[in-house]
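Novice: I am sharing run-v1.csv, which consists of CSV, C-alpha atoms (C1' of nucleotides):
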```csv
chain,number,residue,atom,x,y,z
E,1,MET,CA,-30.2,-34.6,10.9
E,2,THR,CA,-27.8,-32.4,12.7
E,3,GLN,CA,-24.4,-33.1,11.5
E,4,ILE,CA,-21.3,-31.8,13.3
E,5,HIS,CA,-18.9,-30.3,10.8
E,6,HIS,CA,-16.6,-28.9,13.4
E,7,ILE,CA,-15.5,-32.5,14.0
E,8,ASP,CA,-12.9,-34.2,11.9
E,9,ASP,CA,-14.3,-37.7,12.0
E,10,ASP,CA,-11.4,-39.5,10.6
E,11,LEU,CA,-8.8,-37.7,12.7
E,12,CYS,CA,-10.8,-38.5,15.9
E,13,ARG,CA,-11.3,-42.1,15.0
E,14,ARG,CA,-7.6,-42.5,14.5
E,15,TYR,CA,-6.1,-40.5,17.3
E,16,LEU,CA,-8.6,-39.6,20.0
E,17,ALA,CA,-8.1,-43.0,21.7
E,18,THR,CA,-4.3,-42.2,22.0
E,19,SER,CA,-4.7,-39.1,24.2
E,20,VAL,CA,-7.7,-40.4,26.1
E,21,GLU,CA,-5.8,-43.5,27.1
E,22,LEU,CA,-2.9,-41.4,28.4
E,23,VAL,CA,-4.9,-38.8,30.1
E,24,GLY,CA,-7.9,-40.9,31.1
E,25,LYS,CA,-6.2,-43.0,33.7
E,26,ARG,CA,-6.9,-41.9,37.3
E,27,TRP,CA,-4.6,-39.1,38.6
E,28,SER,CA,-2.8,-38.6,35.2
E,29,SER,CA,-4.5,-35.3,34.3
E,30,GLY,CA,-4.2,-34.0,37.8
E,31,ILE,CA,-0.5,-34.8,37.9
E,32,LEU,CA,0.1,-33.2,34.5
E,33,LEU,CA,-1.7,-30.1,35.7
E,34,ALA,CA,0.2,-30.0,39.0
E,35,ILE,CA,3.5,-30.2,37.2
E,36,GLY,CA,2.4,-27.8,34.6
E,37,THR,CA,1.4,-25.2,37.1
E,38,GLY,CA,4.5,-25.1,39.3
E,39,ALA,CA,5.0,-28.3,41.3
E,40,THR,CA,8.3,-29.9,40.6
E,41,ARG,CA,9.2,-32.1,43.5
E,42,PHE,CA,7.6,-35.5,44.3
E,43,SER,CA,6.2,-34.3,47.5
E,44,GLU,CA,4.9,-31.1,46.0
E,45,ILE,CA,2.9,-33.1,43.5
E,46,THR,CA,1.3,-35.4,46.1
E,47,ALA,CA,0.5,-32.2,48.1
E,48,ALA,CA,-1.0,-30.5,45.1
E,49,VAL,CA,-3.2,-33.4,44.0
E,50,THR,CA,-5.6,-34.3,46.9
E,51,GLY,CA,-6.0,-38.0,47.4
E,52,LEU,CA,-3.0,-39.0,45.4
E,53,SER,CA,-0.8,-41.5,47.2
E,54,ASP,CA,2.9,-42.1,46.9
E,55,ARG,CA,2.5,-45.4,45.3
E,56,LEU,CA,0.2,-44.1,42.6
E,57,LEU,CA,2.3,-41.1,41.9
E,58,ALA,CA,5.4,-43.2,41.4
E,59,GLN,CA,3.5,-45.4,39.0
E,60,ARG,CA,1.9,-42.6,37.0
E,61,ALA,CA,5.1,-40.7,36.9
E,62,LYS,CA,6.8,-43.6,35.4
E,63,GLU,CA,4.1,-44.0,32.8
E,64,LEU,CA,4.1,-40.3,31.9
E,65,GLU,CA,7.8,-40.3,31.6
E,66,GLN,CA,7.8,-43.2,29.3
E,67,ALA,CA,5.1,-41.5,27.2
E,68,GLY,CA,7.4,-38.5,26.9
E,69,LEU,CA,5.1,-36.1,28.7
E,70,VAL,CA,7.1,-35.6,31.8
E,71,HIS,CA,10.9,-35.2,32.2
E,72,ARG,CA,12.5,-36.6,35.4
E,73,GLU,CA,15.7,-35.2,36.6
E,74,VAL,CA,17.6,-36.7,39.5
E,75,ILE,CA,19.8,-34.3,41.5
E,76,ALA,CA,22.4,-36.2,43.4
E,77,THR,CA,22.3,-34.5,46.8
E,78,THR,CA,21.7,-36.1,50.2
E,79,PRO,CA,18.9,-36.8,50.4
E,80,VAL,CA,18.3,-37.2,46.8
E,81,GLN,CA,16.1,-34.7,45.0
E,82,VAL,CA,14.0,-35.3,41.9
E,83,ARG,CA,12.7,-32.5,39.6
E,84,TYR,CA,9.7,-33.3,37.5
E,85,THR,CA,8.9,-31.0,34.6
E,86,LEU,CA,6.7,-31.2,31.5
E,87,THR,CA,8.2,-31.9,28.2
E,88,ALA,CA,7.1,-29.8,25.2
E,89,SER,CA,4.7,-32.7,24.4
E,90,GLY,CA,3.3,-32.6,27.9
E,91,ARG,CA,2.7,-28.9,27.7
E,92,ASP,CA,0.9,-29.2,24.4
E,93,LEU,CA,-1.3,-31.9,25.9
E,94,LEU,CA,-2.2,-29.8,28.8
E,95,GLU,CA,-3.1,-27.0,26.5
E,96,ALA,CA,-5.2,-29.3,24.4
E,97,MET,CA,-7.1,-30.2,27.5
E,98,GLN,CA,-8.1,-26.6,28.2
E,99,PRO,CA,-11.3,-26.8,26.2
E,100,LEU,CA,-12.3,-29.8,28.3
E,101,ALA,CA,-12.0,-27.7,31.4
E,102,HIS,CA,-14.2,-25.0,29.9
E,103,TRP,CA,-16.7,-27.6,29.0
E,104,GLY,CA,-16.6,-29.0,32.5
E,105,GLU,CA,-17.4,-25.6,33.9
E,106,ARG,CA,-20.4,-25.2,31.7
E,107,TRP,CA,-21.6,-28.7,32.5
E,108,ASN,CA,-21.3,-28.1,36.2
E,109,ARG,CA,-23.4,-25.0,36.0
E,110,ALA,CA,-26.2,-27.0,34.4
E,111,HIS,CA,-26.2,-29.6,37.2
G,112,MET,CA,11.3,-21.4,34.6
G,113,THR,CA,9.0,-22.0,31.7
G,114,GLN,CA,5.5,-21.0,32.8
G,115,ILE,CA,2.5,-21.9,30.8
G,116,HIS,CA,0.3,-18.9,30.5
G,117,HIS,CA,-2.1,-20.5,28.0
G,118,ILE,CA,-3.4,-22.5,30.8
G,119,ASP,CA,-6.0,-21.2,33.2
G,120,ASP,CA,-4.8,-22.9,36.3
G,121,ASP,CA,-7.8,-22.3,38.5
G,122,LEU,CA,-10.3,-23.3,35.8
G,123,CYS,CA,-8.5,-26.5,35.2
G,124,ARG,CA,-8.1,-27.4,38.9
G,125,ARG,CA,-11.8,-27.0,39.3
G,126,TYR,CA,-13.3,-28.5,36.2
G,127,LEU,CA,-10.9,-30.6,34.4
G,128,ALA,CA,-11.7,-33.6,36.5
G,129,THR,CA,-15.3,-33.3,35.6
G,130,SER,CA,-14.9,-33.9,31.9
G,131,VAL,CA,-12.0,-36.4,32.3
G,132,GLU,CA,-14.1,-38.6,34.6
G,133,LEU,CA,-16.9,-38.6,32.1
G,134,VAL,CA,-14.8,-39.2,29.0
G,135,GLY,CA,-12.0,-41.1,30.5
G,136,LYS,CA,-14.0,-44.3,31.1
G,137,ARG,CA,-13.3,-47.0,28.6
G,138,TRP,CA,-15.5,-46.8,25.4
G,139,SER,CA,-17.1,-43.5,26.4
G,140,SER,CA,-15.3,-41.3,24.0
G,141,GLY,CA,-15.6,-43.9,21.2
G,142,ILE,CA,-19.4,-44.1,21.8
G,143,LEU,CA,-19.7,-40.3,21.8
G,144,LEU,CA,-17.8,-40.2,18.6
G,145,ALA,CA,-19.8,-42.9,16.9
G,146,ILE,CA,-23.1,-41.2,17.8
G,147,GLY,CA,-21.7,-37.8,16.8
G,148,THR,CA,-20.7,-39.1,13.4
G,149,GLY,CA,-23.8,-40.8,12.3
G,150,ALA,CA,-24.5,-44.0,14.3
G,151,THR,CA,-27.9,-43.8,15.9
G,152,ARG,CA,-29.0,-47.4,16.5
G,153,PHE,CA,-27.7,-49.7,19.3
G,154,SER,CA,-26.3,-52.1,16.8
G,155,GLU,CA,-24.7,-49.4,14.7
G,156,ILE,CA,-22.8,-48.2,17.7
G,157,THR,CA,-21.4,-51.6,18.6
G,158,ALA,CA,-20.5,-52.0,14.9
G,159,ALA,CA,-18.8,-48.7,14.8
G,160,VAL,CA,-16.7,-49.1,17.9
G,161,THR,CA,-14.5,-52.2,17.5
G,162,GLY,CA,-14.3,-54.3,20.6
G,163,LEU,CA,-17.3,-52.8,22.3
G,164,SER,CA,-19.7,-55.4,23.7
G,165,ASP,CA,-23.5,-55.2,24.1
G,166,ARG,CA,-23.2,-55.2,27.9
G,167,LEU,CA,-20.7,-52.4,28.1
G,168,LEU,CA,-22.6,-50.3,25.5
G,169,ALA,CA,-25.8,-50.7,27.5
G,170,GLN,CA,-24.0,-49.6,30.6
G,171,ARG,CA,-22.1,-46.7,29.1
G,172,ALA,CA,-25.2,-45.5,27.3
G,173,LYS,CA,-27.1,-45.3,30.6
G,174,GLU,CA,-24.3,-43.3,32.1
G,175,LEU,CA,-24.0,-40.9,29.2
G,176,GLU,CA,-27.7,-40.5,29.1
G,177,GLN,CA,-27.8,-39.6,32.8
G,178,ALA,CA,-24.9,-37.2,32.4
G,179,GLY,CA,-27.0,-35.5,29.7
G,180,LEU,CA,-24.7,-36.1,26.9
G,181,VAL,CA,-26.8,-38.6,25.0
G,182,HIS,CA,-30.5,-38.6,24.2
G,183,ARG,CA,-32.3,-42.0,24.1
G,184,GLU,CA,-35.5,-42.2,22.1
G,185,VAL,CA,-37.5,-45.4,22.1
G,186,ILE,CA,-39.6,-46.1,19.0
G,187,ALA,CA,-42.4,-48.5,19.8
G,188,THR,CA,-42.2,-50.9,16.8
G,189,THR,CA,-41.8,-54.6,16.9
G,190,PRO,CA,-39.1,-55.3,17.5
G,191,VAL,CA,-38.4,-52.2,19.4
G,192,GLN,CA,-36.1,-49.6,18.0
G,193,VAL,CA,-33.9,-47.1,19.9
G,194,ARG,CA,-32.4,-44.0,18.5
G,195,TYR,CA,-29.4,-42.5,20.2
G,196,THR,CA,-28.4,-38.9,19.5
G,197,LEU,CA,-26.1,-36.4,21.1
G,198,THR,CA,-27.5,-33.6,23.2
G,199,ALA,CA,-26.2,-30.1,22.7
G,200,SER,CA,-23.9,-30.7,25.7
G,201,GLY,CA,-22.7,-33.9,24.1
G,202,ARG,CA,-21.9,-32.2,20.9
G,203,ASP,CA,-20.0,-29.5,22.7
G,204,LEU,CA,-18.0,-32.1,24.6
G,205,LEU,CA,-17.0,-33.8,21.4
G,206,GLU,CA,-15.9,-30.6,19.9
G,207,ALA,CA,-13.9,-29.8,23.0
G,208,MET,CA,-12.1,-33.1,22.5
G,209,GLN,CA,-11.0,-32.2,19.0
G,210,PRO,CA,-7.7,-30.7,20.2
G,211,LEU,CA,-6.9,-34.0,21.9
G,212,ALA,CA,-7.3,-35.8,18.6
G,213,HIS,CA,-4.9,-33.3,17.0
G,214,TRP,CA,-2.4,-33.8,19.9
G,215,GLY,CA,-2.7,-37.6,19.5
G,216,GLU,CA,-1.9,-37.3,15.9
G,217,ARG,CA,1.3,-35.4,16.6
G,218,TRP,CA,2.2,-37.7,19.4
G,219,ASN,CA,1.8,-40.8,17.2
G,220,ARG,CA,4.1,-39.3,14.6
G,221,ALA,CA,6.8,-38.9,17.2
G,222,HIS,CA,6.7,-42.6,18.3
I,223,DC,C1',-33.4,-55.6,18.1
I,224,DT,C1',-32.0,-54.0,22.5
I,225,DG,C1',-30.7,-54.9,26.2
I,226,DG,C1',-30.8,-57.5,31.5
I,227,DA,C1',-28.8,-61.1,34.5
I,228,DT,C1',-24.9,-64.0,35.9
I,229,DC,C1',-20.5,-65.8,36.5
I,230,DC,C1',-15.8,-65.3,36.8
I,231,DC,C1',-11.5,-63.2,36.5
I,232,DT,C1',-8.0,-59.7,36.4
I,233,DA,C1',-6.3,-55.0,36.8
I,234,DT,C1',-6.2,-51.6,39.8
I,235,DC,C1',-6.4,-49.3,44.0
I,236,DG,C1',-5.7,-47.9,49.1
I,237,DA,C1',-3.3,-48.9,53.2
I,238,DT,C1',0.6,-50.2,55.5
I,239,DA,C1',5.3,-51.0,56.2
I,240,DC,C1',10.0,-50.5,54.8
I,241,DT,C1',14.6,-48.6,52.3
I,242,DG,C1',18.7,-45.9,50.1
Y,243,DC,C1',13.1,-37.2,50.3
Y,244,DA,C1',11.6,-40.3,46.9
Y,245,DG,C1',10.3,-44.0,46.3
Y,246,DT,C1',9.6,-49.9,46.6
Y,247,DA,C1',7.2,-54.2,48.5
Y,248,DT,C1',3.4,-56.6,49.8
Y,249,DC,C1',-1.4,-57.5,50.7
Y,250,DG,C1',-6.3,-57.7,50.7
Y,251,DA,C1',-10.5,-55.6,48.8
Y,252,DT,C1',-13.2,-54.1,44.9
Y,253,DA,C1',-14.6,-52.2,40.7
Y,254,DG,C1',-14.6,-53.2,36.1
Y,255,DG,C1',-14.5,-56.1,32.1
Y,256,DG,C1',-15.4,-60.4,28.9
Y,257,DA,C1',-18.3,-64.2,27.9
Y,258,DT,C1',-22.4,-66.4,27.9
Y,259,DC,C1',-27.2,-67.1,28.2
Y,260,DC,C1',-31.8,-65.2,28.5
Y,261,DA,C1',-36.0,-61.9,27.6
Y,262,DG,C1',-39.5,-58.2,26.1
```
What does this structure look like when you write it as structure tokens?
Specialist:
Amino acid sequence: MTQIHHIDDDLCRRYLATSVELVGKRWSSGILLAIGTGATRFSEITAAVTGLSDRLLAQRAKELEQAGLVHREVIATTPVQVRYTLTASGRDLLEAMQPLAHWGERWNRAH
Amino acid sequence: MTQIHHIDDDLCRRYLATSVELVGKRWSSGILLAIGTGATRFSEITAAVTGLSDRLLAQRAKELEQAGLVHREVIATTPVQVRYTLTASGRDLLEAMQPLAHWGERWNRAH
DNA sequence: CTGGATCCCTATCGATACTG
DNA sequence: CAGTATCGATAGGGATCCAG
């Protein structure tokens, strides 16, 4: 039998669900990527992520902020501005997803 | 501004969605992990993944098979046996998810 | 043992309209 | 600009029963 020894069984069983639940929800990864690659304003994020609506961004942003992945900074101008940035944890997560992107590329070639 | 240069923007924008859609659905990652770490039979997988129902496993298994991540082998005994194994692509995906598990561990510590 | 078929129910989503 | 409120539609999930 082909056993995978690159995989830490126990670690995955414990903690894989954690990140998958955070990042698996629709738009979440796209939002993280958008913020991580330069988008800071609410409207910039909706523009960067095609198909993402105001309502869903507001909802996801709240979730991601509460999870400590995104920092939300309100600038009291008129009209009000809001700056979204990744926290250290958010940046780490995005880096941890890089292998998935590579895998996706290979997978797309084969289909 | 803190730019992330560990991230290949373009690669992520193109292909991150691919893997996230496959692995983000409920139970999918758990099923992959279960098969990747020794479970081969239908009932072994439901036993390994707590909360997973027969119906959902049947459904996910079909999806994962069509995506080329899981190989399904029917053994014509009575009653019938079915062996599930990961394809090379499925093993690769599971390895690509390992950093997510590590991230999840760190994240859990901090909460 | 390995599912398929149903029923029902709720979470989630998209669209639209509105506000400080 | 950056959201909130409301609504109707639908996809997804749990439970249960059935079958090769």
Novice: May I have the protein, DNA and RNA residues with any atom at most 12 Å from the point (0.5, -36.5, 18.1), counting only C-alpha atoms (C1' of nucleotides), written as a tab-separated table (two decimals) with C-alpha atoms, in the frame of the given file?
Specialist:
```tsv
chain	number	residue	atom	x	y	z
E	11	LEU	CA	-8.80	-37.70	12.70
E	12	CYS	CA	-10.80	-38.50	15.90
E	14	ARG	CA	-7.60	-42.50	14.50
E	15	TYR	CA	-6.10	-40.50	17.30
E	16	LEU	CA	-8.60	-39.60	20.00
E	17	ALA	CA	-8.10	-43.00	21.70
E	18	THR	CA	-4.30	-42.20	22.00
E	19	SER	CA	-4.70	-39.10	24.20
E	22	LEU	CA	-2.90	-41.40	28.40
E	67	ALA	CA	5.10	-41.50	27.20
E	68	GLY	CA	7.40	-38.50	26.90
E	69	LEU	CA	5.10	-36.10	28.70
E	88	ALA	CA	7.10	-29.80	25.20
E	89	SER	CA	4.70	-32.70	24.40
E	90	GLY	CA	3.30	-32.60	27.90
E	92	ASP	CA	0.90	-29.20	24.40
E	93	LEU	CA	-1.30	-31.90	25.90
E	96	ALA	CA	-5.20	-29.30	24.40
G	210	PRO	CA	-7.70	-30.70	20.20
G	211	LEU	CA	-6.90	-34.00	21.90
G	212	ALA	CA	-7.30	-35.80	18.60
G	213	HIS	CA	-4.90	-33.30	17.00
G	214	TRP	CA	-2.40	-33.80	19.90
G	215	GLY	CA	-2.70	-37.60	19.50
G	216	GLU	CA	-1.90	-37.30	15.90
G	217	ARG	CA	1.30	-35.40	16.60
G	218	TRP	CA	2.20	-37.70	19.40
G	219	ASN	CA	1.80	-40.80	17.20
G	220	ARG	CA	4.10	-39.30	14.60
G	221	ALA	CA	6.80	-38.90	17.20
G	222	HIS	CA	6.70	-42.60	18.30
```
Novice: Smallest atom-to-atom distance to E:Leu33: which of G:Val191, G:Ala172, G:Ile186, G:Ile118, using all atoms listed in the file?
Specialist: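 Going through G:Val191, G:Ala172, G:Ile186, G:Ile118 one by one, the smallest distance to E:Leu33 is for G:Ile118.
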Novice: Which residues, written as a list in words, have at least one atom at most 10 Å from stretch 41-45 of chain E, with all atoms listed in the file counted and residues fewer than 6 positions away on the same chain left out?
Specialist: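 What passes the distance filter is Gly30, Ile31, Leu32, Leu33, Ala34, Ile35, Leu52, Ser53, Asp54, Leu57, Ala58, Ala61, Arg72, Glu73, Gln81, Val82, Arg83, Tyr84 and Thr85 of chain E; DC243, DA244 and DG245 of chain Y.
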Novice: Can you pull out the residues contacting stretch 249-260 of chain Y? Cut-off 12 Å, using all atoms listed in the file, and skip same-chain residues under 6 positions away; I want them as a ChimeraX atom specification.
Specialist: /G:136-138,162-168,170 /I:225-239
Novice: Would you superpose chain G on chain E, least squares on all C-alpha atoms in order, and hand back the fitted chain as a compact mmCIF listing (two decimals) with C-alpha atoms, in the coordinates of the input?
Specialist:
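Heads up, here's the output in result14.txt:
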```txt
# COMPACT_ATOMS: atom_id res chain seq x y z
CA MET G 112 -30.26 -34.60 10.86
CA THR G 113 -27.90 -32.39 12.76
CA GLN G 114 -24.39 -33.12 11.49
CA ILE G 115 -21.38 -31.89 13.29
CA HIS G 116 -19.01 -30.41 10.81
CA HIS G 117 -16.62 -29.01 13.43
CA ILE G 118 -15.52 -32.47 14.02
CA ASP G 119 -12.94 -34.19 11.88
CA ASP G 120 -14.33 -37.65 11.98
CA ASP G 121 -11.38 -39.52 10.57
CA LEU G 122 -8.85 -37.68 12.74
CA CYS G 123 -10.79 -38.46 15.82
CA ARG G 124 -11.37 -42.15 14.97
CA ARG G 125 -7.67 -42.53 14.55
CA TYR G 126 -6.14 -40.50 17.32
CA LEU G 127 -8.59 -39.68 19.92
CA ALA G 128 -8.03 -42.93 21.70
CA THR G 129 -4.39 -42.19 21.95
CA SER G 130 -4.69 -39.12 24.12
CA VAL G 131 -7.73 -40.42 26.09
CA GLU G 132 -5.83 -43.57 27.10
CA LEU G 133 -2.96 -41.48 28.31
CA VAL G 134 -4.98 -38.86 30.15
CA GLY G 135 -7.93 -40.89 31.09
CA LYS G 136 -6.12 -42.95 33.76
CA ARG G 137 -6.88 -41.86 37.26
CA TRP G 138 -4.57 -39.03 38.58
CA SER G 139 -2.83 -38.55 35.23
CA SER G 140 -4.42 -35.33 34.27
CA GLY G 141 -4.17 -33.99 37.85
CA ILE G 142 -0.41 -34.82 37.89
CA LEU G 143 0.10 -33.16 34.49
CA LEU G 144 -1.69 -30.15 35.76
CA ALA G 145 0.22 -29.93 39.00
CA ILE G 146 3.58 -30.16 37.19
CA GLY G 147 2.39 -27.69 34.54
CA THR G 148 1.44 -25.16 37.18
CA GLY G 149 4.48 -25.09 39.29
CA ALA G 150 4.94 -28.34 41.29
CA THR G 151 8.29 -29.87 40.52
CA ARG G 152 9.17 -32.05 43.51
CA PHE G 153 7.66 -35.51 44.29
CA SER G 154 6.22 -34.25 47.50
CA GLU G 155 4.84 -31.09 45.96
CA ILE G 156 2.90 -33.15 43.49
CA THR G 157 1.29 -35.38 46.09
CA ALA G 158 0.50 -32.19 48.06
CA ALA G 159 -1.02 -30.55 45.09
CA VAL G 160 -3.24 -33.39 44.01
CA THR G 161 -5.59 -34.29 46.89
CA GLY G 162 -6.00 -37.98 47.38
CA LEU G 163 -2.99 -39.00 45.39
CA SER G 164 -0.78 -41.53 47.17
CA ASP G 165 3.01 -42.01 46.94
CA ARG G 166 2.58 -45.39 45.25
CA LEU G 167 0.23 -44.20 42.57
CA LEU G 168 2.33 -41.05 41.90
CA ALA G 169 5.43 -43.19 41.48
CA GLN G 170 3.59 -45.38 39.06
CA ARG G 171 1.90 -42.65 37.06
CA ALA G 172 5.12 -40.68 36.89
CA LYS G 173 6.91 -43.65 35.31
CA GLU G 174 4.18 -43.96 32.76
CA LEU G 175 4.10 -40.28 31.89
CA GLU G 176 7.82 -40.22 31.70
CA GLN G 177 7.85 -43.14 29.25
CA ALA G 178 5.09 -41.56 27.19
CA GLY G 179 7.37 -38.51 26.93
CA LEU G 180 5.14 -36.14 28.63
CA VAL G 181 7.16 -35.66 31.79
CA HIS G 182 10.88 -35.14 32.26
CA ARG G 183 12.50 -36.65 35.41
CA GLU G 184 15.75 -35.12 36.59
CA VAL G 185 17.58 -36.64 39.52
CA ILE G 186 19.74 -34.29 41.59
CA ALA G 187 22.38 -36.22 43.48
CA THR G 188 22.15 -34.58 46.95
CA THR G 189 21.55 -36.28 50.21
CA PRO G 190 18.80 -36.98 50.48
CA VAL G 191 18.20 -37.28 46.83
CA GLN G 192 16.09 -34.75 45.05
CA VAL G 193 13.97 -35.23 41.90
CA ARG G 194 12.68 -32.53 39.69
CA TYR G 195 9.71 -33.22 37.49
CA THR G 196 8.93 -30.95 34.55
CA LEU G 197 6.72 -31.16 31.52
CA THR G 198 8.19 -31.87 28.13
CA ALA G 199 7.10 -29.81 25.18
CA SER G 200 4.67 -32.64 24.30
CA GLY G 201 3.36 -32.55 27.84
CA ARG G 202 2.76 -28.89 27.71
CA ASP G 203 0.94 -29.21 24.43
CA LEU G 204 -1.26 -31.95 25.85
CA LEU G 205 -2.24 -29.78 28.76
CA GLU G 206 -3.11 -26.97 26.52
CA ALA G 207 -5.17 -29.28 24.37
CA MET G 208 -7.13 -30.19 27.48
CA GLN G 209 -8.06 -26.60 28.19
CA PRO G 210 -11.31 -26.84 26.21
CA LEU G 211 -12.34 -29.77 28.38
CA ALA G 212 -11.93 -27.64 31.47
CA HIS G 213 -14.14 -24.97 29.86
CA TRP G 214 -16.76 -27.65 28.94
CA GLY G 215 -16.65 -28.99 32.53
CA GLU G 216 -17.31 -25.59 33.84
CA ARG G 217 -20.42 -25.20 31.72
CA TRP G 218 -21.54 -28.68 32.50
CA ASN G 219 -21.23 -28.10 36.27
CA ARG G 220 -23.36 -24.98 36.00
CA ALA G 221 -26.12 -26.99 34.40
CA HIS G 222 -26.26 -29.61 37.23
```
Novice: If I take atom CA of E:Ser28 and atom C1' of Y:DA247, how far is one from the other in Å, to one decimal?
Specialist: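 Rounded to one decimal, the two atoms are 22.8 Å apart.
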Novice: So what do you get for atom CA of E:Met97 versus atom CA of E:Thr50, distance-wise?
Specialist: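 So the answer is 19.9 Å.
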Novice: So the first atom is atom C1' of I:DG242 and the second is atom CA of E:Val74; what is the distance between them in Å, to one decimal place?
Specialist: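 Calculated distance between atom C1' of I:DG242 and atom CA of E:Val74 is 14.1 Å.
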Novice: Between E:Glu21, E:Thr87, E:Lys62, E:Thr46, which has the minimum distance to chain G (counting only C-alpha atoms)?
Specialist: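 Using only C-alpha atoms, the shortest distance to chain G belongs to E:Glu21.
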Novice: How would stretch 32-38 of chain E read, as a JSON list (two decimals), in the coordinates of the input, once all heavy atoms are built in?
Specialist:
```json
[["chain", "number", "residue", "atom", "x", "y", "z"],
["E", 32, "LEU", "N", -0.33, -34.05, 35.61],
["E", 32, "LEU", "CA", 0.10, -33.20, 34.50],
["E", 32, "LEU", "C", -0.16, -31.71, 34.89],
["E", 32, "LEU", "O", 0.70, -30.83, 34.74],
["E", 32, "LEU", "CB", -0.56, -33.51, 33.22],
["E", 32, "LEU", "CG", -0.08, -34.77, 32.51],
["E", 32, "LEU", "CD1", -0.89, -35.00, 31.25],
["E", 32, "LEU", "CD2", 1.40, -34.66, 32.18],
["E", 33, "LEU", "N", -1.37, -31.48, 35.38],
["E", 33, "LEU", "CA", -1.70, -30.10, 35.70],
["E", 33, "LEU", "C", -0.87, -29.57, 36.86],
["E", 33, "LEU", "O", -0.40, -28.43, 36.80],
["E", 33, "LEU", "CB", -3.22, -30.07, 36.14],
["E", 33, "LEU", "CG", -3.76, -28.71, 36.53],
["E", 33, "LEU", "CD1", -3.65, -27.73, 35.39],
["E", 33, "LEU", "CD2", -5.20, -28.83, 37.00],
["E", 34, "ALA", "N", -0.63, -30.40, 37.87],
["E", 34, "ALA", "CA", 0.20, -30.00, 39.00],
["E", 34, "ALA", "C", 1.59, -29.59, 38.53],
["E", 34, "ALA", "O", 2.11, -28.53, 38.89],
["E", 34, "ALA", "CB", 0.26, -31.08, 40.05],
["E", 35, "ILE", "N", 2.19, -30.46, 37.74],
["E", 35, "ILE", "CA", 3.50, -30.20, 37.20],
["E", 35, "ILE", "C", 3.52, -28.94, 36.33],
["E", 35, "ILE", "O", 4.39, -28.08, 36.41],
["E", 35, "ILE", "CB", 4.12, -31.38, 36.50],
["E", 35, "ILE", "CG1", 4.17, -32.59, 37.43],
["E", 35, "ILE", "CG2", 5.51, -31.06, 35.97],
["E", 35, "ILE", "CD1", 4.71, -33.85, 36.79],
["E", 36, "GLY", "N", 2.51, -28.88, 35.51],
["E", 36, "GLY", "CA", 2.40, -27.80, 34.60],
["E", 36, "GLY", "C", 2.17, -26.43, 35.24],
["E", 36, "GLY", "O", 2.39, -25.37, 34.63],
["E", 37, "THR", "N", 1.74, -26.44, 36.47],
["E", 37, "THR", "CA", 1.40, -25.20, 37.10],
["E", 37, "THR", "C", 2.34, -24.95, 38.33],
["E", 37, "THR", "O", 1.96, -24.28, 39.29],
["E", 37, "THR", "CB", -0.03, -25.12, 37.59],
["E", 37, "THR", "OG1", -0.29, -26.24, 38.45],
["E", 37, "THR", "CG2", -0.96, -25.19, 36.40],
["E", 38, "GLY", "N", 3.51, -25.55, 38.31],
["E", 38, "GLY", "CA", 4.50, -25.10, 39.30],
["E", 38, "GLY", "C", 5.11, -26.19, 40.18],
["E", 38, "GLY", "O", 6.21, -26.02, 40.68]]
```
